[in-house]
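File shown: final_33.cif (mmCIF, C-alpha atoms).
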data_coords
loop_
_atom_site.group_PDB
_atom_site.id
_atom_site.type_symbol
_atom_site.label_atom_id
_atom_site.label_comp_id
_atom_site.auth_asym_id
_atom_site.auth_seq_id
_atom_site.Cartn_x
_atom_site.Cartn_y
_atom_site.Cartn_z
ATOM 1 C CA MET A 464 5.615 37.173 -34.837
ATOM 2 C CA PRO A 465 8.848 35.641 -36.222
ATOM 3 C CA SER A 466 9.970 32.171 -35.223
ATOM 4 C CA PRO A 467 12.635 31.934 -32.528
ATOM 5 C CA PRO A 468 16.161 32.049 -33.950
ATOM 6 C CA ARG A 469 17.727 28.665 -34.656
ATOM 7 C CA PRO A 470 21.347 27.548 -34.489
ATOM 8 C CA GLY A 471 23.293 29.206 -37.292
ATOM 9 C CA ASP A 472 20.983 32.196 -37.519
ATOM 10 C CA PRO A 473 22.397 35.693 -36.968
ATOM 11 C CA VAL A 474 21.416 37.054 -33.601
ATOM 12 C CA PRO A 475 18.314 39.285 -33.611
ATOM 13 C CA ASP A 476 18.839 42.765 -32.274
ATOM 14 C CA LEU A 477 18.779 43.073 -28.499
ATOM 15 C CA THR A 478 19.246 46.617 -27.270
ATOM 16 C CA LEU A 479 17.415 47.594 -24.102
ATOM 17 C CA PRO A 480 17.827 49.645 -20.947
ATOM 18 C CA ASP A 481 19.143 47.828 -17.904
ATOM 19 C CA LEU A 482 17.612 48.081 -14.441
ATOM 20 C CA ASP A 483 19.207 51.493 -13.969
ATOM 21 C CA GLY A 484 18.106 52.797 -17.352
ATOM 22 C CA HIS A 485 21.458 52.504 -19.135
ATOM 23 C CA VAL A 486 20.985 51.261 -22.683
ATOM 24 C CA THR A 487 22.926 48.060 -23.342
ATOM 25 C CA SER A 488 23.291 46.010 -26.510
ATOM 26 C CA LEU A 489 24.043 42.327 -26.859
ATOM 27 C CA ARG A 490 26.735 43.378 -29.312
ATOM 28 C CA ASP A 491 28.599 44.966 -26.389
ATOM 29 C CA LEU A 492 29.158 41.432 -25.069
ATOM 30 C CA ALA A 493 30.462 39.975 -28.354
ATOM 31 C CA GLY A 494 33.764 38.100 -28.400
ATOM 32 C CA ARG A 495 32.853 35.159 -26.204
ATOM 33 C CA PRO A 496 29.804 32.935 -25.816
ATOM 34 C CA VAL A 497 26.861 34.657 -24.196
ATOM 35 C CA LEU A 498 23.834 33.079 -22.591
ATOM 36 C CA VAL A 499 20.795 35.184 -23.384
ATOM 37 C CA SER A 500 18.050 34.198 -21.007
ATOM 38 C CA PHE A 501 14.601 35.693 -21.450
ATOM 39 C CA LEU A 502 12.880 35.228 -18.125
ATOM 40 C CA ARG A 503 9.233 34.759 -17.387
ATOM 41 C CA HIS A 504 7.498 36.866 -14.769
ATOM 42 C CA ALA A 505 9.213 38.042 -11.622
ATOM 43 C CA GLY A 506 8.556 35.893 -8.621
ATOM 44 C CA MET B 596 15.862 31.514 -9.225
ATOM 45 C CA LYS B 597 19.546 31.425 -8.351
ATOM 46 C CA VAL B 598 20.796 34.090 -10.711
ATOM 47 C CA ARG B 599 24.181 34.563 -9.045
ATOM 48 C CA ASP B 600 24.886 30.820 -8.981
ATOM 49 C CA ARG B 601 24.066 30.560 -12.645
ATOM 50 C CA TYR B 602 26.326 33.459 -13.578
ATOM 51 C CA ASP B 603 29.297 32.239 -11.534
ATOM 52 C CA ARG B 604 29.239 28.946 -13.406
ATOM 53 C CA TRP B 605 29.063 30.844 -16.665
ATOM 54 C CA ALA B 606 32.066 32.996 -15.879
ATOM 55 C CA ALA B 607 34.087 29.912 -14.953
ATOM 56 C CA ALA B 608 33.306 28.469 -18.407
ATOM 57 C CA GLY B 609 34.633 31.584 -20.152
ATOM 58 C CA ALA B 610 31.177 32.743 -21.120
ATOM 59 C CA SER B 611 29.033 35.716 -20.268
ATOM 60 C CA ALA B 612 25.347 36.077 -19.567
ATOM 61 C CA CYS B 613 22.601 38.544 -20.189
ATOM 62 C CA PHE B 614 19.128 38.316 -18.687
ATOM 63 C CA VAL B 615 15.982 39.944 -20.015
ATOM 64 C CA VAL B 616 12.903 40.678 -17.930
ATOM 65 C CA PHE B 617 9.649 42.444 -18.723
ATOM 66 C CA ASP B 618 8.334 43.247 -15.261
ATOM 67 C CA ASP B 619 8.740 46.534 -13.447
ATOM 68 C CA PRO B 620 12.405 46.895 -12.378
ATOM 69 C CA ALA B 621 11.399 47.555 -8.763
ATOM 70 C CA LEU B 622 9.458 44.280 -8.659
ATOM 71 C CA VAL B 623 12.377 42.437 -10.261
ATOM 72 C CA ARG B 624 14.754 43.785 -7.612
ATOM 73 C CA ARG B 625 12.370 42.781 -4.816
ATOM 74 C CA THR B 626 11.849 39.248 -6.094
ATOM 75 C CA MET B 627 14.238 37.441 -8.416
ATOM 76 C CA LEU B 628 17.215 39.699 -7.612
ATOM 77 C CA ARG B 629 16.583 40.032 -3.891
ATOM 78 C CA GLY B 630 19.901 40.272 -2.044
ATOM 79 C CA LEU B 631 21.935 40.866 -5.209
ATOM 80 C CA ASP B 632 23.221 44.431 -4.999
ATOM 81 C CA ASP B 633 26.273 44.209 -7.243
ATOM 82 C CA LEU B 634 25.200 42.431 -10.416
ATOM 83 C CA PRO B 635 28.070 41.126 -12.571
ATOM 84 C CA PHE B 636 25.882 40.823 -15.667
ATOM 85 C CA PRO B 637 23.342 42.993 -17.460
ATOM 86 C CA VAL B 638 19.666 42.568 -16.637
ATOM 87 C CA LEU B 639 17.763 44.240 -19.449
ATOM 88 C CA VAL B 640 14.208 45.470 -19.137
ATOM 89 C CA ASP B 641 11.747 45.002 -22.009
ATOM 90 C CA ARG B 642 8.536 46.499 -20.647
ATOM 91 C CA ASP B 643 6.822 46.480 -24.061
ATOM 92 C CA ARG B 644 8.074 42.953 -24.794
ATOM 93 C CA GLU B 645 9.184 44.021 -28.256
ATOM 94 C CA SER B 646 12.393 42.018 -27.919
ATOM 95 C CA TYR B 647 10.466 38.993 -26.666
ATOM 96 C CA ALA B 648 8.410 39.210 -29.876
ATOM 97 C CA ARG B 649 11.486 39.823 -32.072
ATOM 98 C CA TRP B 650 13.023 36.647 -30.632
ATOM 99 C CA GLY B 651 9.810 34.737 -31.295
ATOM 100 C CA LEU B 652 8.803 34.294 -27.662
ATOM 101 C CA ALA B 653 5.049 34.080 -27.419
ATOM 102 C CA ARG B 654 2.505 33.904 -24.639
ATOM 103 C CA ALA B 655 1.411 30.397 -23.719
ATOM 104 C CA PRO B 656 -2.143 29.123 -24.097
ATOM 105 C CA TRP B 657 -3.819 29.526 -20.724
ATOM 106 C CA TRP B 658 -4.213 25.809 -20.144
ATOM 107 C CA LYS B 659 -0.458 25.169 -20.444
ATOM 108 C CA ILE B 660 0.103 27.486 -17.500
ATOM 109 C CA TRP B 661 -2.961 27.261 -15.321
ATOM 110 C CA LEU B 662 -2.888 23.461 -15.268
ATOM 111 C CA ASP B 663 0.768 23.606 -14.205
ATOM 112 C CA PRO B 664 1.169 23.333 -10.403
ATOM 113 C CA ASN B 665 4.420 25.348 -10.560
ATOM 114 C CA VAL B 666 2.394 28.478 -11.300
ATOM 115 C CA TYR B 667 0.647 28.204 -7.962
ATOM 116 C CA LYS B 668 3.974 27.866 -6.194
ATOM 117 C CA VAL B 669 5.132 31.118 -7.802
ATOM 118 C CA TYR B 670 1.943 32.923 -6.818
ATOM 119 C CA GLY B 671 2.328 31.633 -3.288
ATOM 120 C CA ARG B 672 5.863 33.012 -3.108
ATOM 121 C CA LEU B 673 4.726 36.403 -4.389
ATOM 122 C CA LEU B 674 1.880 36.617 -1.904
ATOM 123 C CA ARG B 675 4.110 35.596 0.988
ATOM 124 C CA ALA B 676 6.546 38.332 -0.082
ATOM 125 C CA GLY B 677 3.737 40.854 0.199
ATOM 126 C CA GLU B 678 3.214 41.410 -3.515
ATOM 127 C CA ARG B 679 -0.249 42.207 -4.775
ATOM 128 C CA LEU B 680 -1.471 40.177 -7.701
ATOM 129 C CA SER B 681 -3.629 42.264 -9.945
ATOM 130 C CA VAL B 682 -4.752 42.537 -13.535
ATOM 131 C CA GLY B 683 -2.036 44.302 -15.526
ATOM 132 C CA GLY B 684 0.668 43.180 -13.139
ATOM 133 C CA VAL B 685 2.479 39.879 -13.343
ATOM 134 C CA ASP B 686 1.726 38.074 -16.622
ATOM 135 C CA VAL B 687 2.182 34.355 -16.092
ATOM 136 C CA LEU B 688 1.416 33.514 -19.725
ATOM 137 C CA GLN B 689 4.477 35.207 -21.238
ATOM 138 C CA LEU B 690 7.067 32.593 -22.132
ATOM 139 C CA GLY B 691 10.815 33.032 -22.048
ATOM 140 C CA GLY B 692 13.671 31.147 -23.571
ATOM 141 C CA ASP B 693 17.381 30.426 -23.420
ATOM 142 C CA PHE B 694 19.774 31.075 -26.264
ATOM 143 C CA ILE B 695 23.521 30.838 -26.588
ATOM 144 C CA VAL B 696 25.164 33.332 -28.887
ATOM 145 C CA GLY B 697 28.592 32.519 -30.256
ATOM 146 C CA PRO B 698 31.477 35.018 -30.377
ATOM 147 C CA ASP B 699 30.554 35.705 -34.026
ATOM 148 C CA LEU B 700 27.043 36.774 -32.970
ATOM 149 C CA ARG B 701 25.317 33.727 -34.386
ATOM 150 C CA ILE B 702 22.932 31.533 -32.459
ATOM 151 C CA THR B 703 24.531 28.246 -31.404
ATOM 152 C CA TYR B 704 21.733 26.985 -29.137
ATOM 153 C CA SER B 705 18.043 27.776 -29.052
ATOM 154 C CA ARG B 706 15.514 26.658 -26.474
ATOM 155 C CA PRO B 707 12.351 28.757 -26.491
ATOM 156 C CA GLN B 708 9.960 27.783 -23.719
ATOM 157 C CA GLN B 709 6.798 25.873 -24.553
ATOM 158 C CA ARG B 710 5.562 26.027 -20.972
ATOM 159 C CA ASP B 711 7.126 26.793 -17.584
ATOM 160 C CA ASP B 712 10.276 24.822 -18.260
ATOM 161 C CA ARG B 713 13.981 25.577 -18.436
ATOM 162 C CA PRO B 714 16.899 23.493 -19.704
ATOM 163 C CA PRO B 715 19.254 22.168 -17.037
ATOM 164 C CA ALA B 716 22.176 24.474 -16.259
ATOM 165 C CA GLY B 717 24.599 21.687 -17.222
ATOM 166 C CA GLU B 718 23.116 21.497 -20.708
ATOM 167 C CA LEU B 719 23.530 25.227 -21.205
ATOM 168 C CA LEU B 720 27.091 25.152 -19.918
ATOM 169 C CA HIS B 721 27.950 22.329 -22.301
ATOM 170 C CA HIS B 722 26.699 24.325 -25.275
ATOM 171 C CA ALA B 723 28.419 27.505 -24.086
ATOM 172 C CA ARG B 724 31.757 25.679 -23.900
ATOM 173 C CA GLU B 725 31.190 24.229 -27.367
ATOM 174 C CA ALA B 726 30.427 27.666 -28.760
ATOM 175 C CA GLY B 727 33.708 28.938 -27.359
ATOM 176 C CA HIS B 728 35.719 26.006 -28.699
ATOM 177 C CA ASP B 729 34.146 26.261 -32.158
ATOM 178 C CA HIS B 730 35.450 29.810 -32.336
ATOM 179 C CA ASP B 731 39.042 28.920 -31.333
#

As C-alpha coordinates, please, write out the structure in this file.
Amino acid sequence: MPSPPRPGDPVPDLTLPDLDGHVTSLRDLAGRPVLVSFLRHAG
Amino acid sequence: MKVRDRYDRWAAAGASACFVVFDDPALVRRTMLRGLDDLPFPVLVDRDRESYARWGLARAPWWKIWLDPNVYKVYGRLLRAGERLSVGGVDVLQLGGDFIVGPDLRITYSRPQQRDDRPPAGELLHHAREAGHDHD
(Lines of atoms letter the chains of each structure in order from A and count residues from 1; the text may use other names and numbers.)
(Lines give C-alpha, C1' and ligand atoms only; values in the text may rest on other atoms or scores of the structure.)
Protein backbone atom coordinates (compact mmCIF):
# COMPACT_ATOMS: atom_id res chain seq x y z
CA MET A 1 0.00 0.00 0.00
CA PRO A 2 1.40 3.47 -0.86
CA SER A 3 1.94 6.09 1.81
CA PRO A 4 -0.73 8.77 2.16
CA PRO A 5 -0.10 11.76 -0.11
CA ARG A 6 1.82 14.61 1.49
CA PRO A 7 1.62 18.35 0.89
CA GLY A 8 3.00 19.14 -2.55
CA ASP A 9 2.19 15.73 -3.98
CA PRO A 10 -0.12 15.47 -7.00
CA VAL A 11 -3.53 14.23 -6.01
CA PRO A 12 -4.05 10.47 -6.42
CA ASP A 13 -6.90 9.48 -8.67
CA LEU A 14 -10.33 9.56 -7.07
CA THR A 15 -13.11 8.49 -9.40
CA LEU A 16 -16.03 6.65 -7.86
CA PRO A 17 -19.80 6.33 -8.10
CA ASP A 18 -21.84 8.54 -5.80
CA LEU A 19 -24.74 7.31 -3.68
CA ASP A 20 -26.97 7.24 -6.76
CA GLY A 21 -24.43 5.43 -8.91
CA HIS A 22 -23.27 8.42 -10.96
CA VAL A 23 -19.52 8.30 -11.51
CA THR A 24 -17.79 11.41 -10.19
CA SER A 25 -14.13 12.42 -10.29
CA LEU A 26 -12.26 14.71 -7.95
CA ARG A 27 -11.02 16.46 -11.07
CA ASP A 28 -14.60 17.63 -11.68
CA LEU A 29 -14.22 19.80 -8.57
CA ALA A 30 -10.89 21.38 -9.58
CA GLY A 31 -10.51 25.16 -9.56
CA ARG A 32 -10.94 25.82 -5.86
CA PRO A 33 -9.78 24.12 -2.67
CA VAL A 34 -11.52 20.84 -1.97
CA LEU A 35 -11.72 18.97 1.29
CA VAL A 36 -11.51 15.26 0.59
CA SER A 37 -12.70 13.42 3.65
CA PHE A 38 -12.45 9.65 3.75
CA LEU A 39 -14.87 8.56 6.43
CA ARG A 40 -14.73 5.57 8.69
CA HIS A 41 -17.71 3.28 9.06
CA ALA A 42 -21.27 4.51 8.94
CA GLY A 43 -22.80 5.10 12.31
CA MET B 1 -21.42 13.53 12.29
CA LYS B 2 -22.73 16.92 11.21
CA VAL B 3 -22.09 16.67 7.50
CA ARG B 4 -24.30 19.60 6.50
CA ASP B 5 -22.75 21.90 9.11
CA ARG B 6 -19.30 21.02 7.90
CA TYR B 7 -20.17 21.67 4.27
CA ASP B 8 -21.87 25.02 4.93
CA ARG B 9 -18.71 26.30 6.58
CA TRP B 10 -16.70 25.06 3.64
CA ALA B 11 -18.85 26.83 1.09
CA ALA B 12 -18.57 30.08 3.04
CA ALA B 13 -14.76 29.78 2.83
CA GLY B 14 -14.87 29.44 -0.97
CA ALA B 15 -14.01 25.77 -0.86
CA SER B 16 -15.78 22.59 -1.82
CA ALA B 17 -15.98 19.20 -0.20
CA CYS B 18 -16.13 15.60 -1.23
CA PHE B 19 -16.79 12.71 1.14
CA VAL B 20 -15.87 9.08 0.58
CA VAL B 21 -17.55 6.16 2.33
CA PHE B 22 -17.15 2.41 1.97
CA ASP B 23 -20.33 1.13 3.57
CA ASP B 24 -23.49 0.16 1.74
CA PRO B 25 -25.17 3.35 0.42
CA ALA B 26 -28.48 2.42 2.08
CA LEU B 27 -26.76 2.16 5.47
CA VAL B 28 -24.98 5.47 4.88
CA ARG B 29 -28.29 7.18 4.10
CA ARG B 30 -29.89 5.70 7.23
CA THR B 31 -27.07 6.72 9.55
CA MET B 32 -24.59 9.49 8.81
CA LEU B 33 -26.80 11.20 6.20
CA ARG B 34 -30.11 10.75 8.00
CA GLY B 35 -32.36 13.74 7.29
CA LEU B 36 -30.19 15.06 4.45
CA ASP B 37 -32.21 14.63 1.27
CA ASP B 38 -30.63 17.29 -0.93
CA LEU B 39 -26.87 16.89 -0.63
CA PRO B 40 -24.84 19.88 -1.88
CA PHE B 41 -21.65 17.84 -2.20
CA PRO B 42 -20.67 14.47 -3.65
CA VAL B 43 -20.61 11.44 -1.37
CA LEU B 44 -18.62 8.80 -3.20
CA VAL B 45 -18.89 5.10 -2.49
CA ASP B 46 -15.78 2.90 -2.46
CA ARG B 47 -17.15 -0.53 -1.60
CA ASP B 48 -13.88 -2.30 -2.49
CA ARG B 49 -11.82 0.34 -0.67
CA GLU B 50 -9.46 0.60 -3.62
CA SER B 51 -9.35 4.38 -3.28
CA TYR B 52 -8.75 4.11 0.46
CA ALA B 53 -5.71 1.94 -0.37
CA ARG B 54 -4.56 4.25 -3.20
CA TRP B 55 -4.61 7.15 -0.72
CA GLY B 56 -2.65 5.09 1.79
CA LEU B 57 -5.46 4.65 4.30
CA ALA B 58 -4.98 1.42 6.17
CA ARG B 59 -6.93 -0.57 8.72
CA ALA B 60 -5.95 0.09 12.32
CA PRO B 61 -4.47 -2.54 14.63
CA TRP B 62 -7.34 -3.97 16.64
CA TRP B 63 -6.08 -2.62 19.94
CA LYS B 64 -6.12 0.99 18.70
CA ILE B 65 -9.85 0.67 18.09
CA TRP B 66 -11.16 -1.80 20.61
CA LEU B 67 -9.48 -0.03 23.52
CA ASP B 68 -11.05 3.24 22.37
CA PRO B 69 -14.32 3.99 24.24
CA ASN B 70 -15.62 5.98 21.24
CA VAL B 71 -16.09 2.72 19.33
CA TYR B 72 -18.60 1.53 21.89
CA LYS B 73 -20.52 4.78 21.58
CA VAL B 74 -20.79 4.24 17.82
CA TYR B 75 -21.97 0.66 18.26
CA GLY B 76 -24.53 1.84 20.78
CA ARG B 77 -25.88 4.39 18.31
CA LEU B 78 -26.13 1.77 15.57
CA LEU B 79 -27.95 -0.69 17.81
CA ARG B 80 -30.37 1.97 19.03
CA ALA B 81 -31.07 2.84 15.38
CA GLY B 82 -32.03 -0.77 14.77
CA GLU B 83 -28.95 -1.76 12.79
CA ARG B 84 -27.67 -5.29 13.04
CA LEU B 85 -23.99 -5.69 13.71
CA SER B 86 -22.64 -8.71 11.95
CA VAL B 87 -19.45 -10.09 10.49
CA GLY B 88 -18.94 -8.60 7.03
CA GLY B 89 -20.94 -5.52 7.89
CA VAL B 90 -19.54 -2.44 9.56
CA ASP B 91 -15.73 -2.55 9.69
CA VAL B 92 -14.56 -0.44 12.61
CA LEU B 93 -10.87 -1.01 11.84
CA GLN B 94 -10.81 0.85 8.52
CA LEU B 95 -9.24 4.26 9.00
CA GLY B 96 -10.11 7.42 7.11
CA GLY B 97 -8.37 10.70 6.62
CA ASP B 98 -8.75 14.34 5.67
CA PHE B 99 -6.94 15.97 2.79
CA ILE B 100 -7.14 19.40 1.23
CA VAL B 101 -6.54 19.58 -2.48
CA GLY B 102 -5.51 22.90 -3.97
CA PRO B 103 -7.01 24.35 -7.17
CA ASP B 104 -3.99 22.95 -9.06
CA LEU B 105 -4.84 19.42 -7.88
CA ARG B 106 -1.94 19.14 -5.49
CA ILE B 107 -2.24 18.13 -1.87
CA THR B 108 -1.90 21.10 0.49
CA TYR B 109 -2.87 19.34 3.73
CA SER B 110 -2.72 15.70 4.72
CA ARG B 111 -4.06 14.13 7.89
CA PRO B 112 -4.51 10.37 7.61
CA GLN B 113 -6.11 8.88 10.70
CA GLN B 114 -4.00 6.85 13.11
CA ARG B 115 -7.01 5.94 15.24
CA ASP B 116 -10.57 7.24 15.61
CA ASP B 117 -9.57 10.88 15.46
CA ARG B 118 -10.35 13.83 13.23
CA PRO B 119 -8.75 17.27 12.98
CA PRO B 120 -10.85 20.16 14.28
CA ALA B 121 -13.05 21.79 11.65
CA GLY B 122 -11.31 25.13 12.30
CA GLU B 123 -7.94 23.64 11.40
CA LEU B 124 -9.28 22.30 8.12
CA LEU B 125 -10.94 25.61 7.29
CA HIS B 126 -7.69 27.46 7.95
CA HIS B 127 -5.81 25.24 5.52
CA ALA B 128 -8.58 25.44 2.92
CA ARG B 129 -8.43 29.24 2.99
CA GLU B 130 -4.65 29.13 2.68
CA ALA B 131 -4.88 26.81 -0.30
CA GLY B 132 -7.21 29.27 -2.00
CA HIS B 133 -5.02 32.28 -1.24
CA ASP B 134 -1.86 30.51 -2.43
CA HIS B 135 -3.54 30.08 -5.79
CA ASP B 136 -4.57 33.75 -6.15

* Separation of CA of Gly651 (chain B) from CA of Pro715 (chain B), in Å and rounded to one decimal -> 21.2 Å

* On this structure, which residues satisfy the PyMOL selection byres ((chain B and resi 716-729) around 12), written as a ChimeraX atom specification? -> /A:470-471,493-500 /B:596-598,600-612,692-706,713-715,730-731

* Structure fact -> As a check of understanding: the span from CA of Pro473 (chain A) to CA of Val638 (chain B) is 21.6 Å

* **Result set, the PyMOL selection byres ((chain A and resi 488) around 9) on current file, as a PyMOL selection string** => chain A and resi 476-480+486-487+489-492

Would you write out those residues with C-alpha atoms, as a PDB file, in the frame of the given file?
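Generated file (part.pdb):
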ATOM      1  CA  ASP A 476      18.839  42.765 -32.274  1.00  0.00           C
ATOM      2  CA  LEU A 477      18.779  43.073 -28.499  1.00  0.00           C
ATOM      3  CA  THR A 478      19.246  46.617 -27.270  1.00  0.00           C
ATOM      4  CA  LEU A 479      17.415  47.594 -24.102  1.00  0.00           C
ATOM      5  CA  PRO A 480      17.827  49.645 -20.947  1.00  0.00           C
ATOM      6  CA  VAL A 486      20.985  51.261 -22.683  1.00  0.00           C
ATOM      7  CA  THR A 487      22.926  48.060 -23.342  1.00  0.00           C
ATOM      8  CA  LEU A 489      24.043  42.327 -26.859  1.00  0.00           C
ATOM      9  CA  ARG A 490      26.735  43.378 -29.312  1.00  0.00           C
ATOM     10  CA  ASP A 491      28.599  44.966 -26.389  1.00  0.00           C
ATOM     11  CA  LEU A 492      29.158  41.432 -25.069  1.00  0.00           C
TER      12      LEU A 492
END

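Shortest separation to His485 (chain A) among B:Val669, B:Met627, B:Leu639, B:Leu662 occurs at residue B:Leu639, atoms counted being all atoms listed in the file.
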
* Asked: Any idea what's packed within 7 Å of Trp657 (chain B), counting all atoms listed in the file, ignoring anything in its chain fewer than 3 positions away? Could you give it as a list in words?
  -> Ile660, Trp661 and Leu688 of chain B

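Picture a line from CA of Cys613 (chain B) to CA of Asp686 (chain B); it runs 21.2 Å.
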
Box for region 701-708 of chain B: with edges along x, y and z, all listed atoms inside and 8 Å added on each side, what are the centre and edge lengths in Å to one decimal, as lines of an AutoDock Vina configuration file?
center_x = 17.6
center_y = 30.2
center_z = -29.1
size_x = 31.4
size_y = 23.1
size_z = 26.7

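Closest approach to Asp632 (chain B) among A:Leu482, A:Met464, A:Leu502, A:Asp472: A:Leu482, based on only C-alpha atoms.
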
* Output check: residues returned by the PyMOL selection byres ((chain A and resi 467) around 7), as number ranges by chain -> A: 465-466, 468-469; B: 650-652, 707

Since the input lacks some atoms of region 466-484 of chain A, please model N, CA, C and O atoms and print them as a PDB file, in the coordinates of the input.
ATOM      1  N   SER A 466       9.602  33.368 -35.974  1.00  0.00           N
ATOM      2  CA  SER A 466       9.970  32.171 -35.223  1.00  0.00           C
ATOM      3  C   SER A 466      11.225  32.465 -34.403  1.00  0.00           C
ATOM      4  O   SER A 466      12.027  33.321 -34.775  1.00  0.00           O
ATOM      5  N   PRO A 467      11.401  31.740 -33.300  1.00  0.00           N
ATOM      6  CA  PRO A 467      12.635  31.934 -32.528  1.00  0.00           C
ATOM      7  C   PRO A 467      13.856  31.619 -33.382  1.00  0.00           C
ATOM      8  O   PRO A 467      13.801  30.734 -34.253  1.00  0.00           O
ATOM      9  N   PRO A 468      14.950  32.320 -33.165  1.00  0.00           N
ATOM     10  CA  PRO A 468      16.161  32.049 -33.950  1.00  0.00           C
ATOM     11  C   PRO A 468      16.675  30.641 -33.695  1.00  0.00           C
ATOM     12  O   PRO A 468      16.568  30.124 -32.583  1.00  0.00           O
ATOM     13  N   ARG A 469      17.210  30.029 -34.745  1.00  0.00           N
ATOM     14  CA  ARG A 469      17.727  28.665 -34.656  1.00  0.00           C
ATOM     15  C   ARG A 469      19.246  28.689 -34.768  1.00  0.00           C
ATOM     16  O   ARG A 469      19.821  29.676 -35.233  1.00  0.00           O
ATOM     17  N   PRO A 470      19.883  27.595 -34.371  1.00  0.00           N
ATOM     18  CA  PRO A 470      21.347  27.548 -34.489  1.00  0.00           C
ATOM     19  C   PRO A 470      21.804  27.873 -35.910  1.00  0.00           C
ATOM     20  O   PRO A 470      21.250  27.363 -36.887  1.00  0.00           O
ATOM     21  N   GLY A 471      22.781  28.757 -36.003  1.00  0.00           N
ATOM     22  CA  GLY A 471      23.293  29.206 -37.292  1.00  0.00           C
ATOM     23  C   GLY A 471      22.730  30.542 -37.723  1.00  0.00           C
ATOM     24  O   GLY A 471      23.305  31.211 -38.577  1.00  0.00           O
ATOM     25  N   ASP A 472      21.594  30.919 -37.161  1.00  0.00           N
ATOM     26  CA  ASP A 472      20.983  32.196 -37.519  1.00  0.00           C
ATOM     27  C   ASP A 472      21.774  33.363 -36.912  1.00  0.00           C
ATOM     28  O   ASP A 472      22.326  33.232 -35.806  1.00  0.00           O
ATOM     29  N   PRO A 473      21.816  34.498 -37.606  1.00  0.00           N
ATOM     30  CA  PRO A 473      22.397  35.693 -36.968  1.00  0.00           C
ATOM     31  C   PRO A 473      21.521  36.122 -35.802  1.00  0.00           C
ATOM     32  O   PRO A 473      20.303  35.914 -35.812  1.00  0.00           O
ATOM     33  N   VAL A 474      22.153  36.691 -34.812  1.00  0.00           N
ATOM     34  CA  VAL A 474      21.416  37.054 -33.601  1.00  0.00           C
ATOM     35  C   VAL A 474      20.468  38.225 -33.885  1.00  0.00           C
ATOM     36  O   VAL A 474      20.858  39.205 -34.535  1.00  0.00           O
ATOM     37  N   PRO A 475      19.205  38.115 -33.484  1.00  0.00           N
ATOM     38  CA  PRO A 475      18.314  39.285 -33.611  1.00  0.00           C
ATOM     39  C   PRO A 475      18.821  40.429 -32.727  1.00  0.00           C
ATOM     40  O   PRO A 475      19.557  40.211 -31.768  1.00  0.00           O
ATOM     41  N   ASP A 476      18.412  41.611 -33.069  1.00  0.00           N
ATOM     42  CA  ASP A 476      18.839  42.765 -32.274  1.00  0.00           C
ATOM     43  C   ASP A 476      18.342  42.622 -30.835  1.00  0.00           C
ATOM     44  O   ASP A 476      17.238  42.115 -30.588  1.00  0.00           O
ATOM     45  N   LEU A 477      19.183  43.045 -29.908  1.00  0.00           N
ATOM     46  CA  LEU A 477      18.779  43.073 -28.499  1.00  0.00           C
ATOM     47  C   LEU A 477      19.453  44.287 -27.865  1.00  0.00           C
ATOM     48  O   LEU A 477      20.615  44.222 -27.447  1.00  0.00           O
ATOM     49  N   THR A 478      18.755  45.372 -27.853  1.00  0.00           N
ATOM     50  CA  THR A 478      19.246  46.617 -27.270  1.00  0.00           C
ATOM     51  C   THR A 478      18.156  47.164 -26.374  1.00  0.00           C
ATOM     52  O   THR A 478      17.065  47.520 -26.849  1.00  0.00           O
ATOM     53  N   LEU A 479      18.435  47.216 -25.085  1.00  0.00           N
ATOM     54  CA  LEU A 479      17.415  47.594 -24.102  1.00  0.00           C
ATOM     55  C   LEU A 479      18.070  48.327 -22.935  1.00  0.00           C
ATOM     56  O   LEU A 479      19.271  48.172 -22.686  1.00  0.00           O
ATOM     57  N   PRO A 480      17.289  49.072 -22.177  1.00  0.00           N
ATOM     58  CA  PRO A 480      17.827  49.645 -20.947  1.00  0.00           C
ATOM     59  C   PRO A 480      17.990  48.572 -19.875  1.00  0.00           C
ATOM     60  O   PRO A 480      17.217  47.609 -19.844  1.00  0.00           O
ATOM     61  N   ASP A 481      19.009  48.742 -19.037  1.00  0.00           N
ATOM     62  CA  ASP A 481      19.143  47.828 -17.904  1.00  0.00           C
ATOM     63  C   ASP A 481      18.295  48.335 -16.741  1.00  0.00           C
ATOM     64  O   ASP A 481      17.514  49.281 -16.891  1.00  0.00           O
ATOM     65  N   LEU A 482      18.460  47.736 -15.587  1.00  0.00           N
ATOM     66  CA  LEU A 482      17.612  48.081 -14.441  1.00  0.00           C
ATOM     67  C   LEU A 482      17.793  49.534 -14.003  1.00  0.00           C
ATOM     68  O   LEU A 482      16.911  50.108 -13.360  1.00  0.00           O
ATOM     69  N   ASP A 483      18.951  50.098 -14.336  1.00  0.00           N
ATOM     70  CA  ASP A 483      19.207  51.493 -13.969  1.00  0.00           C
ATOM     71  C   ASP A 483      18.934  52.460 -15.112  1.00  0.00           C
ATOM     72  O   ASP A 483      19.202  53.657 -14.983  1.00  0.00           O
ATOM     73  N   GLY A 484      18.458  51.927 -16.234  1.00  0.00           N
ATOM     74  CA  GLY A 484      18.106  52.797 -17.352  1.00  0.00           C
ATOM     75  C   GLY A 484      19.202  52.997 -18.372  1.00  0.00           C
ATOM     76  O   GLY A 484      19.014  53.727 -19.345  1.00  0.00           O
TER      77      GLY A 484
END
